[in-house]
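The file entry.cif contains mmCIF, C-alpha atoms:
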```
data_protein
loop_
_atom_site.label_atom_id
_atom_site.label_comp_id
_atom_site.auth_asym_id
_atom_site.auth_seq_id
_atom_site.Cartn_x
_atom_site.Cartn_y
_atom_site.Cartn_z
CA MET I 1 132.06 115.64 111.14
CA ASN I 2 133.81 113.63 113.85
CA LEU I 3 134.84 110.23 112.50
CA SER I 4 135.84 107.23 114.60
CA PHE I 5 139.02 105.26 113.84
CA LYS I 6 137.02 102.48 112.21
CA GLU I 7 135.20 104.94 109.96
CA LYS I 8 138.50 106.52 108.89
CA SER I 9 139.88 103.06 108.15
CA ILE I 10 136.82 102.16 106.04
CA TRP I 11 136.97 105.49 104.18
CA ILE I 12 140.63 104.80 103.28
CA SER I 13 139.79 101.31 102.02
CA LEU I 14 136.83 102.60 100.03
CA ILE I 15 138.67 105.50 98.40
CA THR I 16 141.78 103.44 97.53
CA THR I 17 139.61 100.65 96.09
CA ILE I 18 137.62 103.06 93.91
CA ILE I 19 140.73 104.92 92.64
CA VAL I 20 143.00 101.92 92.04
CA PHE I 21 140.39 99.64 90.50
CA GLY I 22 138.74 102.52 88.65
CA TYR I 23 142.09 103.10 86.95
CA TYR I 24 142.53 99.36 86.39
CA PHE I 25 139.14 98.80 84.73
CA ALA I 26 139.53 101.93 82.58
CA ARG I 27 142.86 100.52 81.31
CA VAL I 28 141.42 97.01 80.86
CA PHE I 29 138.49 98.17 78.75
CA GLY I 30 140.90 100.29 76.71
CA ILE I 31 143.12 97.27 76.03
CA LEU I 32 140.16 94.97 75.31
CA ASN I 33 138.78 97.46 72.79
CA GLN I 34 142.01 97.29 70.79
CA SER I 35 141.90 94.78 67.98
CA THR I 36 145.30 93.30 68.91
CA GLY I 37 145.52 90.83 71.84
CA GLY I 38 147.35 92.49 74.78
CA THR I 39 146.88 89.43 77.01
CA THR I 40 150.34 89.67 78.59
CA GLU I 41 149.80 93.38 79.23
CA LEU I 42 146.52 92.58 80.99
CA ILE I 43 148.04 89.89 83.20
CA VAL I 44 150.92 92.19 84.20
CA LEU I 45 148.44 95.00 84.92
CA TYR I 46 146.19 92.66 86.94
CA ILE I 47 149.00 91.30 89.13
CA GLY I 48 150.54 94.78 89.48
CA VAL I 49 147.28 96.37 90.60
CA VAL I 50 146.52 93.62 93.13
CA ILE I 51 150.03 93.88 94.68
CA PHE I 52 149.89 97.70 94.65
CA MET I 53 146.46 97.65 96.32
CA VAL I 54 147.62 95.29 99.08
CA ILE I 55 150.71 97.43 99.79
CA LEU I 56 148.66 100.67 99.73
CA VAL I 57 146.05 99.36 102.18
CA ILE I 58 148.71 97.98 104.56
CA VAL I 59 150.81 101.16 104.51
CA SER I 60 147.80 103.48 104.92
CA HIS I 61 146.49 101.46 107.87
CA ILE I 62 149.92 101.41 109.52
CA LEU I 63 150.07 105.21 109.18
CA LEU I 64 146.54 105.54 110.55
CA ALA I 65 147.43 103.29 113.50
CA ILE I 66 150.55 105.37 114.22
CA ILE I 67 148.57 108.63 114.17
CA TYR I 68 145.64 107.29 116.24
CA THR I 69 147.48 104.75 118.42
CA LYS I 70 144.96 104.80 121.27
CA GLU I 71 141.88 104.28 119.10
CA ALA I 72 143.63 101.67 116.96
CA ASN I 73 144.07 99.37 119.95
CA ASP I 74 140.36 99.40 120.81
CA LEU I 75 138.75 96.00 120.37
CA ALA I 76 135.64 95.63 118.22
CA ASP I 77 132.49 95.89 120.32
CA GLU I 78 129.02 94.32 119.77
CA ARG I 79 127.96 97.18 117.47
CA ASP I 80 131.08 96.90 115.30
CA LYS I 81 130.55 93.15 114.94
CA LEU I 82 126.90 93.58 114.00
CA ILE I 83 127.74 96.22 111.38
CA GLU I 84 130.49 93.96 109.99
CA LEU I 85 128.07 91.02 109.71
CA LYS I 86 125.36 93.10 108.02
CA ALA I 87 127.88 94.44 105.49
CA THR I 88 129.28 90.97 104.82
CA LYS I 89 125.79 89.69 104.00
CA SER I 90 125.37 92.35 101.28
CA SER I 91 128.88 91.68 99.92
CA TYR I 92 128.08 87.98 99.81
CA LEU I 93 124.94 88.60 97.77
CA ILE I 94 126.95 90.68 95.27
CA LEU I 95 129.45 87.81 94.92
CA VAL I 96 126.59 85.36 94.33
CA VAL I 97 125.35 87.61 91.51
CA GLY I 98 128.95 87.56 90.29
CA VAL I 99 128.97 83.77 90.16
CA PHE I 100 125.89 83.78 87.93
CA GLY I 101 127.29 86.67 85.89
CA THR I 102 130.51 84.74 85.28
CA VAL I 103 128.66 81.59 84.25
CA GLY I 104 126.46 83.71 81.96
CA ASN I 105 129.58 85.23 80.42
CA LEU I 106 131.09 81.77 79.90
CA LEU I 107 127.99 80.75 77.95
CA THR I 108 128.29 83.70 75.56
CA ASP I 109 131.97 84.67 75.53
CA LYS I 110 134.71 82.11 76.17
CA SER I 111 137.49 84.68 76.58
CA PRO I 112 139.42 83.73 79.75
CA ILE I 113 140.70 87.28 80.27
CA MET I 114 137.17 88.66 80.19
CA THR I 115 136.08 85.99 82.69
CA ALA I 116 138.93 86.84 85.06
CA ASN I 117 138.01 90.53 84.89
CA ILE I 118 134.30 89.91 85.45
CA ILE I 119 135.19 87.90 88.56
CA LEU I 120 137.45 90.72 89.76
CA LEU I 121 134.79 93.34 88.97
CA PHE I 122 132.21 91.63 91.17
CA PHE I 123 134.77 91.16 93.94
CA VAL I 124 135.57 94.89 93.84
CA LEU I 125 131.85 95.76 93.74
CA ALA I 126 131.27 93.50 96.76
CA GLU I 127 134.02 95.31 98.68
CA ILE I 128 132.72 98.77 97.72
CA VAL I 129 129.14 97.89 98.68
CA GLY I 130 130.34 96.29 101.94
CA ASP I 131 132.37 99.36 102.92
CA SER I 132 129.55 101.75 101.94
CA ILE I 133 127.05 99.81 104.05
CA LYS I 134 129.43 99.84 107.02
CA LEU I 135 129.80 103.63 106.72
CA TYR I 136 126.03 104.00 106.43
CA TYR I 137 125.41 101.98 109.62
CA TYR I 138 128.16 103.80 111.53
CA ARG I 139 126.46 107.10 110.70
CA LYS I 140 122.80 106.07 110.89
CA GLY I 141 123.14 103.53 113.70
CA VAL I 142 122.25 99.85 113.61
CA MET T 1 117.45 65.09 120.14
CA LYS T 2 114.40 67.17 119.21
CA LEU T 3 115.00 69.42 116.25
CA THR T 4 113.03 72.53 115.34
CA PHE T 5 111.34 73.03 111.98
CA ARG T 6 114.20 75.28 110.81
CA GLU T 7 116.83 72.70 111.77
CA ASN T 8 114.98 69.86 110.03
CA SER T 9 114.69 71.88 106.80
CA LEU T 10 118.37 72.79 107.02
CA TRP T 11 119.38 69.14 107.45
CA PHE T 12 117.42 68.14 104.33
CA ALA T 13 118.99 70.97 102.33
CA LEU T 14 122.46 70.08 103.61
CA ILE T 15 122.15 66.42 102.55
CA ALA T 16 120.78 67.33 99.11
CA LEU T 17 123.50 69.91 98.45
CA THR T 18 126.27 67.65 99.72
CA LEU T 19 125.16 65.00 97.23
CA MET T 20 125.18 67.57 94.43
CA PHE T 21 128.64 68.69 95.51
CA VAL T 22 130.01 65.13 95.58
CA LYS T 23 128.50 64.42 92.16
CA THR T 24 130.05 67.53 90.57
CA PHE T 25 133.37 66.93 92.29
CA ILE T 26 133.62 63.32 91.09
CA SER T 27 132.57 64.23 87.55
CA LEU T 28 135.27 66.91 87.51
CA ILE T 29 137.98 64.44 88.55
CA ILE T 30 136.71 61.54 86.42
CA PRO T 31 135.31 63.05 83.21
CA ASP T 32 133.73 59.73 82.10
CA PHE T 33 131.69 59.66 85.26
CA SER T 34 129.73 62.75 84.26
CA ASN T 35 128.23 60.88 81.33
CA SER T 36 127.70 57.40 82.77
CA ASP T 37 126.51 57.78 86.34
CA ILE T 38 125.00 61.23 86.26
CA LEU T 39 121.43 59.89 86.46
CA PHE T 40 122.24 57.91 89.57
CA PHE T 41 123.21 61.03 91.48
CA TYR T 42 120.34 63.09 90.17
CA ASN T 43 118.01 60.35 91.37
CA ILE T 44 119.54 60.50 94.83
CA PHE T 45 119.21 64.28 94.77
CA PHE T 46 115.50 64.04 93.99
CA VAL T 47 115.04 61.30 96.59
CA ILE T 48 116.25 63.83 99.15
CA THR T 49 114.68 66.97 97.69
CA LEU T 50 111.16 65.62 97.26
CA PRO T 51 110.84 64.44 100.89
CA MET T 52 112.23 67.85 101.94
CA LEU T 53 109.52 69.68 100.00
CA ALA T 54 106.90 67.21 101.26
CA TYR T 55 108.10 67.74 104.85
CA ILE T 56 107.93 71.54 104.53
CA ILE T 57 104.44 71.44 103.01
CA ILE T 58 103.05 68.90 105.51
CA PHE T 59 104.63 70.67 108.47
CA SER T 60 103.33 74.06 107.28
CA LEU T 61 99.80 72.65 106.96
CA ARG T 62 99.88 70.91 110.33
CA ASN T 63 101.69 73.64 112.30
CA PRO T 64 101.10 76.89 110.43
CA LYS T 65 101.99 78.93 113.51
CA GLU T 66 105.52 77.52 113.88
CA ALA T 67 106.16 77.40 110.12
CA ASN T 68 105.20 81.04 109.63
CA GLN T 69 107.11 82.23 112.67
CA LYS T 70 109.18 85.31 111.87
CA SER T 71 112.94 85.27 112.44
CA ASP T 72 113.82 86.48 115.90
CA GLU T 73 117.02 88.28 116.93
CA ARG T 74 118.88 84.97 117.44
CA ASN T 75 117.94 83.68 113.98
CA VAL T 76 119.11 86.91 112.35
CA ILE T 77 122.49 86.77 114.12
CA ILE T 78 122.95 83.10 113.21
CA GLU T 79 122.11 83.89 109.59
CA ASN T 80 124.50 86.84 109.41
CA LYS T 81 127.33 84.88 111.03
CA SER T 82 126.84 82.01 108.56
CA TYR T 83 126.98 84.42 105.60
CA LYS T 84 130.45 85.47 106.74
CA TYR T 85 131.89 81.97 106.25
CA SER T 86 130.12 81.58 102.94
CA TYR T 87 131.57 84.89 101.79
CA ILE T 88 135.11 83.74 102.62
CA VAL T 89 134.61 80.57 100.54
CA LEU T 90 133.42 82.65 97.57
CA ILE T 91 136.42 84.99 97.81
CA VAL T 92 138.78 81.99 97.83
CA SER T 93 136.88 80.58 94.82
CA HIS T 94 137.35 83.82 92.88
CA PHE T 95 141.11 83.78 93.46
CA HIS T 96 141.36 80.08 92.59
CA ILE T 97 139.49 80.62 89.32
CA ASN T 98 141.65 83.58 88.38
CA LEU T 99 144.72 81.46 89.12
CA ASN T 100 143.32 78.74 86.84
CA ILE T 101 142.83 81.29 84.09
CA PHE T 102 146.37 82.61 84.42
CA LEU T 103 147.72 79.06 84.39
CA HIS T 104 145.91 78.64 81.04
CA LYS T 105 143.61 75.86 82.25
CA PRO T 106 140.75 75.21 79.76
CA THR T 107 137.82 77.62 80.08
CA SER T 108 135.39 74.68 80.05
CA THR T 109 136.51 73.70 83.57
CA ILE T 110 135.80 77.15 85.04
CA ALA T 111 131.99 76.83 85.16
CA PRO T 112 131.99 73.46 87.03
CA ILE T 113 134.64 74.74 89.46
CA LEU T 114 132.58 77.88 90.08
CA PHE T 115 129.44 75.80 90.57
CA LEU T 116 131.37 73.54 92.95
CA TYR T 117 132.57 76.45 95.04
CA PHE T 118 129.12 78.04 95.05
CA THR T 119 127.55 74.78 96.29
CA PHE T 120 130.33 74.43 98.84
CA SER T 121 129.73 77.99 100.11
CA ILE T 122 126.05 77.16 100.69
CA ILE T 123 127.01 73.87 102.40
CA ILE T 124 129.29 75.84 104.72
CA MET T 125 126.54 78.37 105.38
CA ILE T 126 124.00 75.67 106.28
CA SER T 127 126.53 73.76 108.39
CA MET T 128 127.39 76.90 110.34
CA LYS T 129 123.69 77.65 110.87
CA LEU T 130 123.16 74.14 112.25
CA PHE T 131 126.28 74.50 114.37
CA TYR T 132 125.08 77.79 115.90
CA TYR T 133 121.52 76.50 116.38
CA HIS T 134 122.96 73.56 118.32
CA LYS T 135 125.80 75.28 120.15
CA GLY T 136 124.10 78.61 120.71
CA VAL T 137 125.23 82.04 119.61
#
```

Rendering of file as structure tokens:
Amino acid sequence: MNLSFKEKSIWISLITTIIVFGYYFARVFGILNQSTGGTTELIVLYIGVVIFMVILVIVSHILLAIIYTKEANDLADERDKLIELKATKSSYLILVVGVFGTVGNLLTDKSPIMTANIILLFFVLAEIVGDSIKLYYYRKGV
Amino acid sequence: MKLTFRENSLWFALIALTLMFVKTFISLIIPDFSNSDILFFYNIFFVITLPMLAYIIIFSLRNPKEANQKSDERNVIIENKSYKYSYIVLIVSHFHINLNIFLHKPTSTIAPILFLYFTFSIIIMISMKLFYYHKGV
């Protein structure tokens, strides 16, 4: 399967997001299931994962740009922009669901750590759905 | 300036939502305000919303063809472009709320802030739609 530079870039973002945040949420639910607090541990984990994710995405994209220099300098065309907009719309809808989910959580559970993680969960879901939709349109056509 | 049915509906929605936004914002800054003058703002909201609904119904009855017109290519692009700005506002809101949580701000303020950002994201979306309808896309 011949992938374009943009598709490779999206695949990297998608895979790193799933692995890093998959690990993060597995750890979070483990800590939250313990009877003892662990709030500081969660905050450190949260900040650590966000910083690690940012560094990982930047480094992987720099490497990708070095390997595929010619393709990396191509400007986004009409098709790319349309795919981006369609994916953003779906991501936006996921975030809207997240807003209502967070408010719903606040009505039942006042734990701030849980609220922060629900917000992050929907943000990650929005990114995963957005990337998946982009890949779908790049393959299927728009 | 002659506005289309879509633009008129958007203007009504924009005014109503801006009033809701201002009301929530003021009540967040001045806690006493939320109890004393809340009815005043809700009244204004209904004063705007009811004419909006009346306008949509009357227009739909008088010009069913224009009211039921399906979105064309231009409308779809305008809509998708507006979602983009709304999405950015929601992302910023998520980070701001998480920052609030880490700074140990009271949980009771999170819901109004979230509501405020959500309203603001829709205001941005409608404003961008009106901008693109006017300026062209």

**Item:** Nearby residues, (129.6, 74.7, 85.8) file frame, 12 Å, all atoms listed in the file, as a VMD selection string
**Value:** (chain I and resid 99 to 100 102 to 107) or (chain T and resid 21 24 to 25 27 to 28 107 to 119)

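Remark: for T:Leu90, the closest of the candidate residues T:Ile122, T:Leu130, T:Leu53, T:Ala13 is T:Ile122 (distances computed over only C-alpha atoms).
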
**Message:** Select, as a VMD selection string, those residues of chain I with any atom no more than 12 Å from chain T (distances computed using all atoms listed in the file).
**Reply:** chain I and resid 39 to 40 42 to 44 46 to 47 50 78 81 to 107 109 to 124 126 to 127 130

Go ahead and write the selection's residues with C-alpha atoms as a compact mmCIF listing (two decimals), in the coordinates of the input.
```txt
# COMPACT_ATOMS: atom_id res chain seq x y z
CA THR I 39 146.88 89.43 77.01
CA THR I 40 150.34 89.67 78.59
CA LEU I 42 146.52 92.58 80.99
CA ILE I 43 148.04 89.89 83.20
CA VAL I 44 150.92 92.19 84.20
CA TYR I 46 146.19 92.66 86.94
CA ILE I 47 149.00 91.30 89.13
CA VAL I 50 146.52 93.62 93.13
CA GLU I 78 129.02 94.32 119.77
CA LYS I 81 130.55 93.15 114.94
CA LEU I 82 126.90 93.58 114.00
CA ILE I 83 127.74 96.22 111.38
CA GLU I 84 130.49 93.96 109.99
CA LEU I 85 128.07 91.02 109.71
CA LYS I 86 125.36 93.10 108.02
CA ALA I 87 127.88 94.44 105.49
CA THR I 88 129.28 90.97 104.82
CA LYS I 89 125.79 89.69 104.00
CA SER I 90 125.37 92.35 101.28
CA SER I 91 128.88 91.68 99.92
CA TYR I 92 128.08 87.98 99.81
CA LEU I 93 124.94 88.60 97.77
CA ILE I 94 126.95 90.68 95.27
CA LEU I 95 129.45 87.81 94.92
CA VAL I 96 126.59 85.36 94.33
CA VAL I 97 125.35 87.61 91.51
CA GLY I 98 128.95 87.56 90.29
CA VAL I 99 128.97 83.77 90.16
CA PHE I 100 125.89 83.78 87.93
CA GLY I 101 127.29 86.67 85.89
CA THR I 102 130.51 84.74 85.28
CA VAL I 103 128.66 81.59 84.25
CA GLY I 104 126.46 83.71 81.96
CA ASN I 105 129.58 85.23 80.42
CA LEU I 106 131.09 81.77 79.90
CA LEU I 107 127.99 80.75 77.95
CA ASP I 109 131.97 84.67 75.53
CA LYS I 110 134.71 82.11 76.17
CA SER I 111 137.49 84.68 76.58
CA PRO I 112 139.42 83.73 79.75
CA ILE I 113 140.70 87.28 80.27
CA MET I 114 137.17 88.66 80.19
CA THR I 115 136.08 85.99 82.69
CA ALA I 116 138.93 86.84 85.06
CA ASN I 117 138.01 90.53 84.89
CA ILE I 118 134.30 89.91 85.45
CA ILE I 119 135.19 87.90 88.56
CA LEU I 120 137.45 90.72 89.76
CA LEU I 121 134.79 93.34 88.97
CA PHE I 122 132.21 91.63 91.17
CA PHE I 123 134.77 91.16 93.94
CA VAL I 124 135.57 94.89 93.84
CA ALA I 126 131.27 93.50 96.76
CA GLU I 127 134.02 95.31 98.68
CA GLY I 130 130.34 96.29 101.94
```

**Complete:** Pairwise distance, atom CA of I:Phe21 with atom CA of I:Val49, equals 7.6 Å

Mind telling me what the PyMOL selection byres ((chain T and resi 54-58) around 10) catches here, as a short mmCIF file (atom, residue, chain, number, x, y, z; two decimals) with C-alpha atoms, in the frame of the given file?
```cif
data_model
loop_
_atom_site.label_atom_id
_atom_site.label_comp_id
_atom_site.auth_asym_id
_atom_site.auth_seq_id
_atom_site.Cartn_x
_atom_site.Cartn_y
_atom_site.Cartn_z
CA PHE T 5 111.34 73.03 111.98
CA ARG T 6 114.20 75.28 110.81
CA ASN T 8 114.98 69.86 110.03
CA SER T 9 114.69 71.88 106.80
CA PHE T 12 117.42 68.14 104.33
CA THR T 49 114.68 66.97 97.69
CA LEU T 50 111.16 65.62 97.26
CA PRO T 51 110.84 64.44 100.89
CA MET T 52 112.23 67.85 101.94
CA LEU T 53 109.52 69.68 100.00
CA PHE T 59 104.63 70.67 108.47
CA SER T 60 103.33 74.06 107.28
CA LEU T 61 99.80 72.65 106.96
CA ARG T 62 99.88 70.91 110.33
CA ASN T 63 101.69 73.64 112.30
CA PRO T 64 101.10 76.89 110.43
CA ALA T 67 106.16 77.40 110.12
#
```

**Asked** Where does the PyMOL selection byres ((chain I and resi 11) around 12) land in this file, that is, which residues does it pick, as a PyMOL selection string?
**Response** chain I and resi 3-10+12-18+57+60-61+64+127-128+130-136+138

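Distance-wise, atom CA of I:Asn2 and atom CA of I:Gly22 end up 28.0 Å apart.
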
**Request:** Would you be able to write out as a list in words which residues have an atom within 6 Å of (121.3, 80.4, 114.0) in the file's coordinates, counting only C-alpha atoms?
**Result:** Asn75, Ile78, Glu79, Lys129, Tyr132 and Tyr133 of chain T

Where atoms are lacking, stretch 27-49 of chain I completed to N, CA and C atoms, as a PDB file, in the coordinates of the input:
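The result, written out as result39.pdb:
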```pdb
ATOM      1  N   ARG I  27     141.768 101.023  82.155  1.00  0.00           N
ATOM      2  CA  ARG I  27     142.860 100.520  81.310  1.00  0.00           C
ATOM      3  C   ARG I  27     142.458  99.211  80.615  1.00  0.00           C
ATOM      4  N   VAL I  28     141.805  98.325  81.398  1.00  0.00           N
ATOM      5  CA  VAL I  28     141.420  97.010  80.860  1.00  0.00           C
ATOM      6  C   VAL I  28     140.477  97.168  79.670  1.00  0.00           C
ATOM      7  N   PHE I  29     139.442  98.011  79.840  1.00  0.00           N
ATOM      8  CA  PHE I  29     138.490  98.170  78.750  1.00  0.00           C
ATOM      9  C   PHE I  29     139.157  98.823  77.536  1.00  0.00           C
ATOM     10  N   GLY I  30     140.136  99.689  77.801  1.00  0.00           N
ATOM     11  CA  GLY I  30     140.900 100.290  76.710  1.00  0.00           C
ATOM     12  C   GLY I  30     141.671  99.228  75.929  1.00  0.00           C
ATOM     13  N   ILE I  31     142.319  98.326  76.674  1.00  0.00           N
ATOM     14  CA  ILE I  31     143.120  97.270  76.030  1.00  0.00           C
ATOM     15  C   ILE I  31     142.201  96.288  75.293  1.00  0.00           C
ATOM     16  N   LEU I  32     141.073  95.937  75.935  1.00  0.00           N
ATOM     17  CA  LEU I  32     140.160  94.970  75.310  1.00  0.00           C
ATOM     18  C   LEU I  32     139.504  95.519  74.047  1.00  0.00           C
ATOM     19  N   ASN I  33     139.379  96.858  73.983  1.00  0.00           N
ATOM     20  CA  ASN I  33     138.780  97.460  72.790  1.00  0.00           C
ATOM     21  C   ASN I  33     139.733  97.476  71.590  1.00  0.00           C
ATOM     22  N   GLN I  34     141.047  97.340  71.899  1.00  0.00           N
ATOM     23  CA  GLN I  34     142.010  97.290  70.790  1.00  0.00           C
ATOM     24  C   GLN I  34     141.829  95.971  70.056  1.00  0.00           C
ATOM     25  N   SER I  35     142.078  96.002  68.773  1.00  0.00           N
ATOM     26  CA  SER I  35     141.900  94.780  67.980  1.00  0.00           C
ATOM     27  C   SER I  35     142.996  93.756  68.273  1.00  0.00           C
ATOM     28  N   THR I  36     144.192  94.225  68.620  1.00  0.00           N
ATOM     29  CA  THR I  36     145.300  93.300  68.910  1.00  0.00           C
ATOM     30  C   THR I  36     145.221  92.821  70.353  1.00  0.00           C
ATOM     31  N   GLY I  37     145.618  91.564  70.580  1.00  0.00           N
ATOM     32  CA  GLY I  37     145.520  90.830  71.840  1.00  0.00           C
ATOM     33  C   GLY I  37     145.750  91.596  73.131  1.00  0.00           C
ATOM     34  N   GLY I  38     147.025  91.785  73.530  1.00  0.00           N
ATOM     35  CA  GLY I  38     147.350  92.490  74.780  1.00  0.00           C
ATOM     36  C   GLY I  38     147.151  91.647  76.017  1.00  0.00           C
ATOM     37  N   THR I  39     147.122  90.314  75.872  1.00  0.00           N
ATOM     38  CA  THR I  39     146.880  89.430  77.010  1.00  0.00           C
ATOM     39  C   THR I  39     147.963  89.556  78.075  1.00  0.00           C
ATOM     40  N   THR I  40     149.230  89.558  77.636  1.00  0.00           N
ATOM     41  CA  THR I  40     150.340  89.670  78.590  1.00  0.00           C
ATOM     42  C   THR I  40     150.257  90.980  79.356  1.00  0.00           C
ATOM     43  N   GLU I  41     149.934  92.061  78.616  1.00  0.00           N
ATOM     44  CA  GLU I  41     149.800  93.380  79.230  1.00  0.00           C
ATOM     45  C   GLU I  41     148.732  93.364  80.321  1.00  0.00           C
ATOM     46  N   LEU I  42     147.622  92.665  80.028  1.00  0.00           N
ATOM     47  CA  LEU I  42     146.520  92.580  80.990  1.00  0.00           C
ATOM     48  C   LEU I  42     146.915  91.812  82.240  1.00  0.00           C
ATOM     49  N   ILE I  43     147.626  90.706  82.049  1.00  0.00           N
ATOM     50  CA  ILE I  43     148.040  89.890  83.200  1.00  0.00           C
ATOM     51  C   ILE I  43     149.002  90.670  84.089  1.00  0.00           C
ATOM     52  N   VAL I  44     149.955  91.377  83.444  1.00  0.00           N
ATOM     53  CA  VAL I  44     150.920  92.190  84.200  1.00  0.00           C
ATOM     54  C   VAL I  44     150.179  93.284  84.976  1.00  0.00           C
ATOM     55  N   LEU I  45     149.226  93.932  84.292  1.00  0.00           N
ATOM     56  CA  LEU I  45     148.440  95.000  84.920  1.00  0.00           C
ATOM     57  C   LEU I  45     147.639  94.444  86.100  1.00  0.00           C
ATOM     58  N   TYR I  46     147.018  93.306  85.907  1.00  0.00           N
ATOM     59  CA  TYR I  46     146.190  92.660  86.940  1.00  0.00           C
ATOM     60  C   TYR I  46     147.031  92.375  88.191  1.00  0.00           C
ATOM     61  N   ILE I  47     148.143  91.670  87.990  1.00  0.00           N
ATOM     62  CA  ILE I  47     149.000  91.300  89.130  1.00  0.00           C
ATOM     63  C   ILE I  47     149.558  92.566  89.799  1.00  0.00           C
ATOM     64  N   GLY I  48     149.991  93.521  88.963  1.00  0.00           N
ATOM     65  CA  GLY I  48     150.540  94.780  89.480  1.00  0.00           C
ATOM     66  C   GLY I  48     149.545  95.531  90.351  1.00  0.00           C
ATOM     67  N   VAL I  49     148.308  95.627  89.865  1.00  0.00           N
ATOM     68  CA  VAL I  49     147.280  96.370  90.600  1.00  0.00           C
ATOM     69  C   VAL I  49     146.955  95.684  91.930  1.00  0.00           C
TER      70      VAL I  49
END
```
